[in-house]
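Since the structure comes first, as structure tokens, the remarks are kept for the end.
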Amino acid sequence: MNGVADVGLVEGLAHGGSGKRTPGPLTRSTLALILAGGRGSRLEELTNWRAKPSLPFGGKFRIIDFALSNCVNSGIRRIGICTQYKAQSLIRHIQRGWSFLDGRFDEFVELLPAQQRVEATWYQGTADAVYQNLDILRRHDPEYVLILAGDHVYKMDYGRMLQDHVRAHAQMTIACIDVPLGEASSLGVMAVDDVRRVVGFQEKPPRPAPMPGRPGRALASMGIYVFDAAFLYRELLRDADDANSGHDFGKDIIPTLLKQGARVSAHHFADSCVNMSEGIPYWRDVGTIDAYWEANLALTHVVPELNLYDQDWPIWTYQEQLPPAKFVFDDDDRRGTAIDSMVAGGCIISGSTVRRSLLFSSVRVRDYCTIEDSVVLSNVDVGRKVVLKKAVVDRHCRLPEGLTVGVDSDEDSRRFHVTQRGITLIIPEMLGQQIHHLR
């Protein structure tokens with residue numbers, strides 16, 4: 001299947017009554033590979049015990065749930081996940097929350113840890129992670145391979161990108177988004193011609209080139225690729241034999257393909273984004289404490305940019321069986337309230353005030369506390385008379401009675417990690433608490 005004549009089959013992706021897609025010919029012949037082995041070192045101590053894709057987000061989800069949900073909602077039901085750095089919490093989450101696909105219909109979510117299957121090395125780069133699972137890809141015999149980063153937050157219909165790939169007669173297609181020029185130096189920056197063929201690519205350039213006619217914007221790669229499977233296998237084998245390669249898609253594979261004159265096409269995210277806010281596609285790399293704090297708190301806005309209430313494109317996850325959130329006491333000096341906030345199941349707000357904050361599951365807030373502009377992860381116990389402002393609190397923390405955070409930045413810096421924007425990160429070890437639970 002390759003070419004415009006085949007697009008009659010293309011989707012084929014029929015909408016079910018719920019608005020979600022059922023598999024069509026393109027998605028059925030596609031295998032998705034999610035690269036989820038990265039630490040995310042810019043998230044500081046928040047990723048000491050977990051890989052970035054397993055980081056909790058939005059009150060009850062993990063970041064990887066977005067890529068996985070996009071696959072399932074798009075009709076792609078054959079999914080591999082490449083894991084490496086401190087993957088146990090991620091593995092446990094996948095086993096608990098993503099075991100509902102039916103192998104009898106060739107549907108699966110398969111974990112692919114770095115096993116030295118091909119060479120006696122761990123994953124050396126993004127391309128090497130795919131190369132080391134080449135035998136598994138060949139066994140499943142897909143026609144197309146969709147490669148995804150597991151650490152971004154967005155909603156996307158991959159079927160539309162596959163359709164663009166076929167129509168363009170491309171050997172590789174790269175999803176792209178226009179970003180402010182100041183943010184582009186941390187991404188791959190692309191140049192395309194009038195028919196969306198990629199004619200230039202620089203990985204994380206110190207001085208990104210702006211888009212023609214738009215001096216303040218750059219066209220950036222999202223780290224989402226579609227390959228013709230046979231073409232991908234050839235290029236991975238060639239790259240593996242190149243002693244000078246770093247075995248990375250952005251640094252090595254894409255520039256080499258452009259030099260060879262391969263048919264590399266661009267797919268604009270706006271054409272497949274499921275979540276648009278005022279005409280702007282929603283996509284976030286929550287790769288720093290500040291970005292993570294901001295993206296979570298944005299969900300508490302009256303009309304958030306990311307719609308988690310969309311029943312036509314739901315985000316699936318592991319669902320703990322928890323009681324509803326509870327707010328107790330209604331005295332003048334001790335009233336359990338949450339305003340402009342999101343509070344997950346199992347939480348108890350006892351005679352305290354929560355404003356503009358996001359509380360994950362099973363948070364206990366005891367009497368006379370004030371929590372403002374904060375992200376509090378699951379199973380945190382907030383002692384009496386705690387003041388918490390502009391903070392991120394990791395799972396299983398026990399905040400002692402009378403603790404004040406976000407009022408005196410010098411004092412906070414002596415005990416915790418404080419970002420340049422003044423966001424305070426608290427993990428159990430900073431409180432002298434040794435936590436043996438998986439994060």
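By convention in this document, the chains of the structure tokens carry letters A, B, ... by their order, each chain's residues are numbered from 1, and ligands are numbered from 1 in the order they are shown.
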
Contacts between region 321-343 of chain A and region 57-165 of chain A, please, where a residue of region 57-165 of chain A counts if it comes within 12 Å (with only C-alpha atoms); show its shortest atom pair and distance in Å to one decimal, rows by chain and ascending number, as JSON lines.
```
{"residue": "A:Phe57", "atom": "CA", "partner": "A:Met342", "partner_atom": "CA", "distance": 12.0}
{"residue": "A:Gly58", "atom": "CA", "partner": "A:Met342", "partner_atom": "CA", "distance": 8.7}
{"residue": "A:Gly59", "atom": "CA", "partner": "A:Val343", "partner_atom": "CA", "distance": 7.2}
{"residue": "A:Lys60", "atom": "CA", "partner": "A:Val343", "partner_atom": "CA", "distance": 9.8}
```

Dump of N, CA, C and O atoms for the selected residues, as a PDB file, in the first residue's frame:
```pdb
ATOM      1  N   PHE A  57       0.578  13.137  36.365  1.00  0.00           N
ATOM      2  CA  PHE A  57       0.141  14.388  35.730  1.00  0.00           C
ATOM      3  C   PHE A  57      -1.385  14.470  35.788  1.00  0.00           C
ATOM      4  O   PHE A  57      -2.078  13.467  35.606  1.00  0.00           O
ATOM      5  N   GLY A  58      -1.888  15.660  36.049  1.00  0.00           N
ATOM      6  CA  GLY A  58      -3.320  15.917  35.914  1.00  0.00           C
ATOM      7  C   GLY A  58      -4.192  15.284  36.977  1.00  0.00           C
ATOM      8  O   GLY A  58      -5.379  15.076  36.742  1.00  0.00           O
ATOM      9  N   GLY A  59      -3.649  14.953  38.133  1.00  0.00           N
ATOM     10  CA  GLY A  59      -4.464  14.468  39.229  1.00  0.00           C
ATOM     11  C   GLY A  59      -4.584  12.966  39.342  1.00  0.00           C
ATOM     12  O   GLY A  59      -4.718  12.435  40.437  1.00  0.00           O
ATOM     13  N   LYS A  60      -4.507  12.242  38.205  1.00  0.00           N
ATOM     14  CA  LYS A  60      -4.673  10.789  38.275  1.00  0.00           C
ATOM     15  C   LYS A  60      -3.943  10.043  37.167  1.00  0.00           C
ATOM     16  O   LYS A  60      -3.944   8.817  37.147  1.00  0.00           O
TER      17      LYS A  60
END
```

- Return as a VMD selection string the full set of residues in region 138-170 of chain A whose backbone-based DSSP assignment is strand (DSSP E or B). chain A and resid 144 to 149 153 to 154 156

- Message: At a cut-off of 9 Å, using only C-alpha atoms, what residues contact Ile280 (chain A)? Leave out same-chain residues fewer than 4 positions from it and give the result as JSON, numbers by chain.
- Response: {"A": [270, 275, 276]}

- Residue nearest Tyr292 (chain A) - candidates A:Thr419, A:Ser272, A:Thr317, A:Thr404, atoms counted: only C-alpha atoms: A:Thr419

- Message: Set the distance at 12 Å and use only C-alpha atoms: which residues neighbour Glu401 (chain A) once local chain neighbours fewer than 5 positions away are removed? I'd like the list as a VMD selection string.
- Response: chain A and resid 365 to 369 381 to 388

- CA of Arg39 (chain A) and CA of Lys86 (chain A) are how many Å apart?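 Taking CA of Arg39 (chain A) as the start and CA of Lys86 (chain A) as the end point, the length is 7.8 Å.
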
- Quick one: everything within 6 Å of region 223-231 of chain A, counting only C-alpha atoms, minus sequence neighbours fewer than 2 positions away in the same chain. Send it as a PyMOL selection string. chain A and resi 143-149+171-175+221+233-234

Those residues with all heavy atoms, as a CSV table (one decimal), in the first residue's frame please?
```
chain,number,residue,atom,x,y,z
A,143,GLU,N,3.4,-2.7,8.3
A,143,GLU,CA,3.8,-2.0,7.1
A,143,GLU,C,4.3,-0.7,7.4
A,143,GLU,O,5.1,-0.1,6.7
A,143,GLU,CB,2.5,-1.9,6.2
A,143,GLU,CG,2.9,-1.5,4.8
A,143,GLU,CD,1.7,-1.7,3.8
A,143,GLU,OE1,0.7,-2.4,4.2
A,143,GLU,OE2,1.8,-1.3,2.6
A,144,TYR,N,3.8,-0.1,8.5
A,144,TYR,CA,4.3,1.2,9.0
A,144,TYR,C,4.7,1.1,10.4
A,144,TYR,O,4.1,0.4,11.2
A,144,TYR,CB,3.2,2.3,8.8
A,144,TYR,CG,2.7,2.4,7.4
A,144,TYR,CD1,1.5,1.8,7.0
A,144,TYR,CD2,3.4,3.0,6.4
A,144,TYR,CE1,1.0,1.8,5.7
A,144,TYR,CE2,2.9,3.1,5.1
A,144,TYR,CZ,1.7,2.5,4.8
A,144,TYR,OH,1.3,2.5,3.5
A,145,VAL,N,5.7,1.9,10.8
A,145,VAL,CA,6.1,2.0,12.2
A,145,VAL,C,6.0,3.5,12.6
A,145,VAL,O,6.5,4.4,12.0
A,145,VAL,CB,7.6,1.5,12.4
A,145,VAL,CG1,8.0,1.7,13.9
A,145,VAL,CG2,7.8,0.1,12.0
A,146,LEU,N,5.2,3.7,13.7
A,146,LEU,CA,5.0,5.0,14.3
A,146,LEU,C,5.9,5.1,15.5
A,146,LEU,O,5.8,4.2,16.5
A,146,LEU,CB,3.5,5.1,14.7
A,146,LEU,CG,3.2,6.4,15.5
A,146,LEU,CD1,3.3,7.7,14.7
A,146,LEU,CD2,1.7,6.3,16.0
A,147,ILE,N,6.8,6.0,15.6
A,147,ILE,CA,7.7,6.2,16.7
A,147,ILE,C,7.3,7.4,17.5
A,147,ILE,O,7.2,8.5,16.9
A,147,ILE,CB,9.2,6.2,16.2
A,147,ILE,CG1,9.5,4.9,15.5
A,147,ILE,CG2,10.1,6.5,17.3
A,147,ILE,CD1,10.9,4.9,14.9
A,148,LEU,N,7.2,7.2,18.8
A,148,LEU,CA,6.6,8.3,19.7
A,148,LEU,C,7.6,8.5,20.8
A,148,LEU,O,8.1,7.6,21.4
A,148,LEU,CB,5.2,7.9,20.2
A,148,LEU,CG,4.2,7.5,19.1
A,148,LEU,CD1,3.0,6.9,19.8
A,148,LEU,CD2,3.8,8.7,18.3
A,149,ALA,N,7.6,9.8,21.3
A,149,ALA,CA,8.2,10.1,22.6
A,149,ALA,C,7.2,9.8,23.7
A,149,ALA,O,6.0,10.1,23.5
A,149,ALA,CB,8.7,11.5,22.6
A,171,GLN,N,8.8,8.3,2.6
A,171,GLN,CA,9.5,7.1,3.3
A,171,GLN,C,9.6,7.4,4.8
A,171,GLN,O,9.6,6.4,5.6
A,171,GLN,CB,10.9,7.0,2.7
A,171,GLN,CG,10.9,6.5,1.3
A,171,GLN,CD,12.3,6.7,0.6
A,171,GLN,OE1,12.9,7.7,0.6
A,171,GLN,NE2,12.8,5.5,0.1
A,172,MET,N,9.6,8.6,5.2
A,172,MET,CA,9.5,9.1,6.6
A,172,MET,C,8.7,10.3,6.7
A,172,MET,O,8.8,11.2,5.8
A,172,MET,CB,10.9,9.3,7.1
A,172,MET,CG,10.9,9.8,8.6
A,172,MET,SD,12.6,10.4,9.1
A,172,MET,CE,12.3,10.7,10.8
A,173,THR,N,7.9,10.4,7.7
A,173,THR,CA,7.1,11.7,8.0
A,173,THR,C,7.4,12.1,9.4
A,173,THR,O,7.4,11.3,10.3
A,173,THR,CB,5.6,11.4,7.8
A,173,THR,OG1,5.4,11.1,6.4
A,173,THR,CG2,4.8,12.7,8.1
A,174,ILE,N,7.6,13.4,9.6
A,174,ILE,CA,7.9,14.0,10.9
A,174,ILE,C,6.8,14.9,11.3
A,174,ILE,O,6.4,15.8,10.5
A,174,ILE,CB,9.2,14.8,10.8
A,174,ILE,CG1,10.4,13.9,10.3
A,174,ILE,CG2,9.6,15.3,12.2
A,174,ILE,CD1,11.7,14.7,10.0
A,175,ALA,N,6.2,14.7,12.5
A,175,ALA,CA,5.2,15.7,13.0
A,175,ALA,C,5.9,16.9,13.5
A,175,ALA,O,6.9,16.8,14.1
A,175,ALA,CB,4.4,15.0,14.1
A,221,SER,N,10.4,19.9,15.3
A,221,SER,CA,10.0,18.5,15.4
A,221,SER,C,9.4,18.1,16.7
A,221,SER,O,9.9,18.6,17.8
A,221,SER,CB,11.2,17.6,15.1
A,221,SER,OG,10.9,16.2,15.4
A,233,TYR,N,14.0,-0.3,8.6
A,233,TYR,CA,14.9,-1.4,8.9
A,233,TYR,C,16.2,-1.2,8.2
A,233,TYR,O,17.3,-1.4,8.8
A,233,TYR,CB,14.3,-2.8,8.5
A,233,TYR,CG,13.0,-3.1,9.1
A,233,TYR,CD1,12.1,-4.0,8.6
A,233,TYR,CD2,12.5,-2.4,10.3
A,233,TYR,CE1,10.9,-4.3,9.1
A,233,TYR,CE2,11.3,-2.7,10.8
A,233,TYR,CZ,10.5,-3.7,10.3
A,233,TYR,OH,9.2,-4.0,10.8
A,234,ARG,N,16.2,-0.8,6.9
A,234,ARG,CA,17.4,-0.6,6.2
A,234,ARG,C,18.3,0.5,6.8
A,234,ARG,O,19.5,0.4,7.0
A,234,ARG,CB,17.1,-0.3,4.7
A,234,ARG,CG,16.6,-1.4,3.9
A,234,ARG,CD,16.7,-1.1,2.4
A,234,ARG,NE,16.0,0.1,2.0
A,234,ARG,CZ,14.7,0.1,1.7
A,234,ARG,NH1,14.0,-1.0,1.7
A,234,ARG,NH2,14.1,1.2,1.3
```

- Message: Show me, as a PyMOL selection string, the residues that have an atom within 8 Å of Gly80 (chain A) when counting only C-alpha atoms, minus same-chain residues fewer than 4 positions from it.
- Response: chain A and resi 31-34+108-112

If we count only C-alpha atoms, what is near Cys71 (chain A) at a cut-off of 10 Å, once residues fewer than 6 positions away on the same chain are taken out, given as an mmCIF file with N, CA, C and O atoms, in the first residue's frame?
```cif
data_model
loop_
_atom_site.group_PDB
_atom_site.id
_atom_site.type_symbol
_atom_site.label_atom_id
_atom_site.label_comp_id
_atom_site.auth_asym_id
_atom_site.auth_seq_id
_atom_site.Cartn_x
_atom_site.Cartn_y
_atom_site.Cartn_z
ATOM 1 N N THR A 27 -4.210 1.944 10.205
ATOM 2 C CA THR A 27 -3.839 1.767 11.604
ATOM 3 C C THR A 27 -3.630 0.297 11.941
ATOM 4 O O THR A 27 -2.797 -0.028 12.793
ATOM 5 N N LEU A 31 2.495 -0.455 13.637
ATOM 6 C CA LEU A 31 2.926 -0.750 14.999
ATOM 7 C C LEU A 31 3.528 0.522 15.572
ATOM 8 O O LEU A 31 4.365 1.173 14.939
ATOM 9 N N ALA A 32 3.096 0.895 16.783
ATOM 10 C CA ALA A 32 3.630 2.077 17.463
ATOM 11 C C ALA A 32 4.709 1.658 18.448
ATOM 12 O O ALA A 32 4.554 0.671 19.170
ATOM 13 N N ASP A 65 0.454 8.055 29.601
ATOM 14 C CA ASP A 65 -0.939 7.749 29.265
ATOM 15 C C ASP A 65 -1.418 8.530 28.049
ATOM 16 O O ASP A 65 -2.330 8.077 27.351
ATOM 17 N N ARG A 77 -3.533 -0.530 17.821
ATOM 18 C CA ARG A 77 -3.658 -1.437 18.965
ATOM 19 C C ARG A 77 -2.463 -2.378 19.102
ATOM 20 O O ARG A 77 -2.527 -3.349 19.841
ATOM 21 N N ARG A 78 -1.385 -2.100 18.383
ATOM 22 C CA ARG A 78 -0.130 -2.857 18.551
ATOM 23 C C ARG A 78 0.931 -1.852 18.983
ATOM 24 O O ARG A 78 1.340 -0.997 18.192
ATOM 25 N N ILE A 79 1.348 -1.956 20.244
ATOM 26 C CA ILE A 79 2.160 -0.908 20.851
ATOM 27 C C ILE A 79 3.304 -1.544 21.634
ATOM 28 O O ILE A 79 3.095 -2.432 22.463
ATOM 29 N N LEU A 146 5.237 3.651 13.701
ATOM 30 C CA LEU A 146 5.019 4.967 14.291
ATOM 31 C C LEU A 146 5.898 5.054 15.540
ATOM 32 O O LEU A 146 5.752 4.245 16.456
ATOM 33 N N LEU A 148 7.163 7.240 18.793
ATOM 34 C CA LEU A 148 6.640 8.310 19.652
ATOM 35 C C LEU A 148 7.555 8.527 20.841
ATOM 36 O O LEU A 148 8.147 7.587 21.364
ATOM 37 N N LYS A 155 -2.956 15.641 22.643
ATOM 38 C CA LYS A 155 -3.953 14.723 22.083
ATOM 39 C C LYS A 155 -3.867 14.812 20.563
ATOM 40 O O LYS A 155 -4.008 15.884 20.002
ATOM 41 N N MET A 156 -3.662 13.656 19.936
ATOM 42 C CA MET A 156 -3.398 13.647 18.504
ATOM 43 C C MET A 156 -3.984 12.404 17.864
ATOM 44 O O MET A 156 -3.870 11.303 18.407
ATOM 45 N N ASP A 157 -4.576 12.588 16.685
ATOM 46 C CA ASP A 157 -5.090 11.484 15.883
ATOM 47 C C ASP A 157 -3.977 11.028 14.939
ATOM 48 O O ASP A 157 -3.722 11.652 13.906
ATOM 49 N N TYR A 158 -3.298 9.945 15.312
ATOM 50 C CA TYR A 158 -2.183 9.463 14.494
ATOM 51 C C TYR A 158 -2.654 8.948 13.135
ATOM 52 O O TYR A 158 -1.858 8.877 12.194
ATOM 53 N N GLY A 159 -3.919 8.568 13.020
ATOM 54 C CA GLY A 159 -4.435 8.108 11.735
ATOM 55 C C GLY A 159 -4.321 9.168 10.656
ATOM 56 O O GLY A 159 -4.057 8.863 9.492
#
```

- Query: How would you write, as a PyMOL selection string, the set of residues in region 24-75 of chain A that DSSP gives as alpha helix (DSSP H)?
  - Reply: chain A and resi 25-28+64-74

Atoms to include: all heavy atoms. Write the selected residues as a short mmCIF file (atom, residue, chain, number, x, y, z; two decimals), in the first residue's frame.
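Contents of out-v9.cif, as written:
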```
data_model
loop_
_atom_site.label_atom_id
_atom_site.label_comp_id
_atom_site.auth_asym_id
_atom_site.auth_seq_id
_atom_site.Cartn_x
_atom_site.Cartn_y
_atom_site.Cartn_z
N PRO A 25 -7.62 0.13 7.74
CA PRO A 25 -6.48 -0.54 7.11
C PRO A 25 -5.13 0.06 7.47
O PRO A 25 -4.17 -0.68 7.70
CB PRO A 25 -6.77 -0.38 5.62
CG PRO A 25 -8.27 -0.27 5.55
CD PRO A 25 -8.68 0.48 6.78
N LEU A 26 -5.02 1.39 7.54
CA LEU A 26 -3.72 1.98 7.85
C LEU A 26 -3.31 1.72 9.29
O LEU A 26 -2.16 1.36 9.56
CB LEU A 26 -3.76 3.50 7.60
CG LEU A 26 -3.34 3.98 6.22
CD1 LEU A 26 -3.29 5.50 6.19
CD2 LEU A 26 -2.00 3.42 5.82
N THR A 27 -4.21 1.94 10.21
CA THR A 27 -3.84 1.77 11.60
C THR A 27 -3.63 0.30 11.94
O THR A 27 -2.80 -0.03 12.79
CB THR A 27 -4.90 2.38 12.53
OG1 THR A 27 -6.20 1.90 12.17
CG2 THR A 27 -4.90 3.89 12.43
N ARG A 28 -4.39 -0.60 11.29
CA ARG A 28 -4.18 -2.03 11.54
C ARG A 28 -2.82 -2.50 11.05
O ARG A 28 -2.26 -3.46 11.59
CB ARG A 28 -5.28 -2.86 10.86
CG ARG A 28 -6.54 -3.00 11.70
CD ARG A 28 -7.38 -4.16 11.21
NE ARG A 28 -7.80 -3.98 9.83
CZ ARG A 28 -8.97 -3.46 9.46
NH1 ARG A 28 -9.82 -3.05 10.38
NH2 ARG A 28 -9.28 -3.33 8.20
N ILE A 64 2.90 9.14 30.25
CA ILE A 64 2.86 8.19 29.13
C ILE A 64 1.43 7.84 28.72
O ILE A 64 1.20 7.39 27.60
CB ILE A 64 3.66 6.91 29.47
CG1 ILE A 64 3.97 6.13 28.18
CG2 ILE A 64 2.91 6.06 30.50
CD1 ILE A 64 4.92 4.99 28.36
N ASP A 65 0.45 8.06 29.60
CA ASP A 65 -0.94 7.75 29.26
C ASP A 65 -1.42 8.53 28.05
O ASP A 65 -2.33 8.08 27.35
CB ASP A 65 -1.86 8.05 30.45
CG ASP A 65 -1.68 7.08 31.60
OD1 ASP A 65 -1.37 5.90 31.34
OD2 ASP A 65 -1.84 7.49 32.76
N PHE A 66 -0.83 9.69 27.79
CA PHE A 66 -1.29 10.50 26.66
C PHE A 66 -0.89 9.86 25.33
O PHE A 66 -1.72 9.74 24.42
CB PHE A 66 -0.75 11.94 26.79
CG PHE A 66 -1.43 12.70 27.87
CD1 PHE A 66 -0.99 12.62 29.19
CD2 PHE A 66 -2.54 13.49 27.60
CE1 PHE A 66 -1.63 13.30 30.20
CE2 PHE A 66 -3.19 14.18 28.61
CZ PHE A 66 -2.74 14.09 29.92
N ALA A 67 0.36 9.43 25.19
CA ALA A 67 0.76 8.74 23.96
C ALA A 67 0.00 7.43 23.79
O ALA A 67 -0.46 7.10 22.69
CB ALA A 67 2.27 8.48 23.96
N LEU A 68 -0.15 6.67 24.88
CA LEU A 68 -0.89 5.41 24.81
C LEU A 68 -2.35 5.63 24.45
O LEU A 68 -2.91 4.90 23.61
CB LEU A 68 -0.78 4.67 26.14
CG LEU A 68 0.57 4.00 26.44
CD1 LEU A 68 0.68 3.64 27.92
CD2 LEU A 68 0.75 2.76 25.58
N SER A 69 -2.99 6.61 25.05
CA SER A 69 -4.40 6.89 24.76
C SER A 69 -4.57 7.36 23.33
O SER A 69 -5.55 7.01 22.66
CB SER A 69 -4.94 7.93 25.74
OG SER A 69 -4.93 7.44 27.06
N ASN A 70 -3.63 8.18 22.84
CA ASN A 70 -3.68 8.60 21.44
C ASN A 70 -3.64 7.40 20.51
O ASN A 70 -4.34 7.35 19.49
CB ASN A 70 -2.53 9.55 21.13
CG ASN A 70 -2.69 10.92 21.76
OD1 ASN A 70 -3.81 11.36 22.04
ND2 ASN A 70 -1.59 11.60 22.00
N CYS A 71 -2.80 6.42 20.82
CA CYS A 71 -2.73 5.21 19.99
C CYS A 71 -4.07 4.49 19.97
O CYS A 71 -4.62 4.18 18.90
CB CYS A 71 -1.64 4.27 20.51
SG CYS A 71 0.05 4.78 20.18
N VAL A 72 -4.60 4.19 21.16
CA VAL A 72 -5.85 3.43 21.24
C VAL A 72 -6.99 4.20 20.60
O VAL A 72 -7.79 3.64 19.84
CB VAL A 72 -6.15 3.09 22.72
CG1 VAL A 72 -7.54 2.50 22.86
CG2 VAL A 72 -5.11 2.12 23.25
N ASN A 73 -7.11 5.49 20.89
CA ASN A 73 -8.19 6.29 20.30
C ASN A 73 -8.05 6.44 18.80
O ASN A 73 -9.04 6.60 18.09
CB ASN A 73 -8.23 7.67 20.96
CG ASN A 73 -8.67 7.63 22.41
OD1 ASN A 73 -9.39 6.71 22.81
ND2 ASN A 73 -8.24 8.59 23.20
N SER A 74 -6.80 6.38 18.29
CA SER A 74 -6.58 6.47 16.84
C SER A 74 -6.85 5.15 16.13
O SER A 74 -6.91 5.11 14.90
CB SER A 74 -5.13 6.89 16.55
OG SER A 74 -4.85 8.16 17.07
#
```

- Task: Using CA of Tyr154 (chain A) and CA of Trp283 (chain A) as the two end points, give the distance in Å to one decimal.
- Result: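 Spanning CA of Tyr154 (chain A) to CA of Trp283 (chain A) is a straight-line distance of 4.7 Å.
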